[in-house]
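Heads up: the structure comes next, in structure tokens.
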Amino acid sequence: MEVVLRKYGNSTVAVLPPVVLKDIGLRAGQSLSLETTCDGKIVLSPKKSYSLSELMSQCDLKAKPPKDLELWDNCKPIDQEVW
């Protein structure tokens with residue numbers, strides 16, 4: 001199947017026919033991750049959304065905070081900030 005690139009404002013778009021979207025399980029408005037390979041191929045993947053529990057499971061809750069965060073926490077207000 002041939003797809004023609006088209007100008008759309010300042011961008012260039014590739015229009016995917018509905019049958020292709022159906023075959024690969026994508027829909028209009030869906031966020032995708034786009035990567036290119038060294039041999040010029042384009043790889044589109046559905047963008048993964050994470051739950052808070054999935055993100056928290058990757059954290060070491062016993063880890064010491066970074067030094068710059070300690071400095072930030074110990075700063076005094078400069079003007080009208082509320083701490």
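The chains in the structure tokens are called A, B, ... from first to last as shown; in each chain the residues are counted from 1, and the ligands are counted from 1 in the order shown.
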Skip segment 32-35 of chain A itself and residues of its chain fewer than 2 positions away, then list as a PDB file with C-alpha atoms, in the first residue's frame all residues within 9 Å of it, counting only C-alpha atoms.
```
ATOM      1  CA  GLN A  30      -4.656   8.181  20.061  1.00  0.00           C
ATOM      2  CA  THR A  37      15.733   2.958  13.158  1.00  0.00           C
ATOM      3  CA  LYS A  41      12.237   2.628   9.283  1.00  0.00           C
ATOM      4  CA  ILE A  42       9.574   4.336  11.379  1.00  0.00           C
ATOM      5  CA  VAL A  43       8.194   2.459  14.381  1.00  0.00           C
ATOM      6  CA  LEU A  44       4.870   3.597  15.864  1.00  0.00           C
ATOM      7  CA  SER A  45       3.757   2.193  19.213  1.00  0.00           C
ATOM      8  CA  PRO A  46       0.703   3.001  21.318  1.00  0.00           C
ATOM      9  CA  LYS A  47       1.774   5.296  24.138  1.00  0.00           C
ATOM     10  CA  LYS A  48       1.658   3.469  27.461  1.00  0.00           C
TER      11      LYS A  48
END
```
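Within chain A, the backbone-based DSSP assignment of alpha helix (DSSP H) covers Pro18, Val19, Val20, Leu21, Lys22, Asp23, Ile24, Leu52, Ser53, Glu54, Leu55, Met56, Lys67, Asp68, Leu69, Glu70, Leu71, Trp72 and Asp73 of chain A.
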For the residues in the current selection, export C-alpha atoms as a PDB file, in the first residue's frame.
```
ATOM      1  CA  PRO A  18      -9.182   3.163   8.103  1.00  0.00           C
ATOM      2  CA  VAL A  19      -8.454  -0.474   7.219  1.00  0.00           C
ATOM      3  CA  VAL A  20      -4.824  -0.057   8.306  1.00  0.00           C
ATOM      4  CA  LEU A  21      -5.855   1.568  11.595  1.00  0.00           C
ATOM      5  CA  LYS A  22      -8.275  -1.293  12.245  1.00  0.00           C
ATOM      6  CA  ASP A  23      -5.651  -3.937  11.415  1.00  0.00           C
ATOM      7  CA  ILE A  24      -3.130  -2.516  13.882  1.00  0.00           C
ATOM      8  CA  LEU A  52       0.057   5.894  40.110  1.00  0.00           C
ATOM      9  CA  SER A  53       0.554   2.487  41.737  1.00  0.00           C
ATOM     10  CA  GLU A  54       2.655   1.300  38.763  1.00  0.00           C
ATOM     11  CA  LEU A  55       4.872   4.382  39.015  1.00  0.00           C
ATOM     12  CA  MET A  56       5.162   4.147  42.800  1.00  0.00           C
ATOM     13  CA  LYS A  67      20.940  16.926  47.871  1.00  0.00           C
ATOM     14  CA  ASP A  68      19.347  19.626  45.698  1.00  0.00           C
ATOM     15  CA  LEU A  69      15.902  18.750  47.064  1.00  0.00           C
ATOM     16  CA  GLU A  70      17.208  19.086  50.637  1.00  0.00           C
ATOM     17  CA  LEU A  71      18.507  22.564  49.741  1.00  0.00           C
ATOM     18  CA  TRP A  72      15.136  23.481  48.263  1.00  0.00           C
ATOM     19  CA  ASP A  73      13.282  22.276  51.366  1.00  0.00           C
TER      20      ASP A  73
END
```
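The space between atom CA of Lys76 of chain A and atom CA of Leu61 of chain A spans 26.4 Å.
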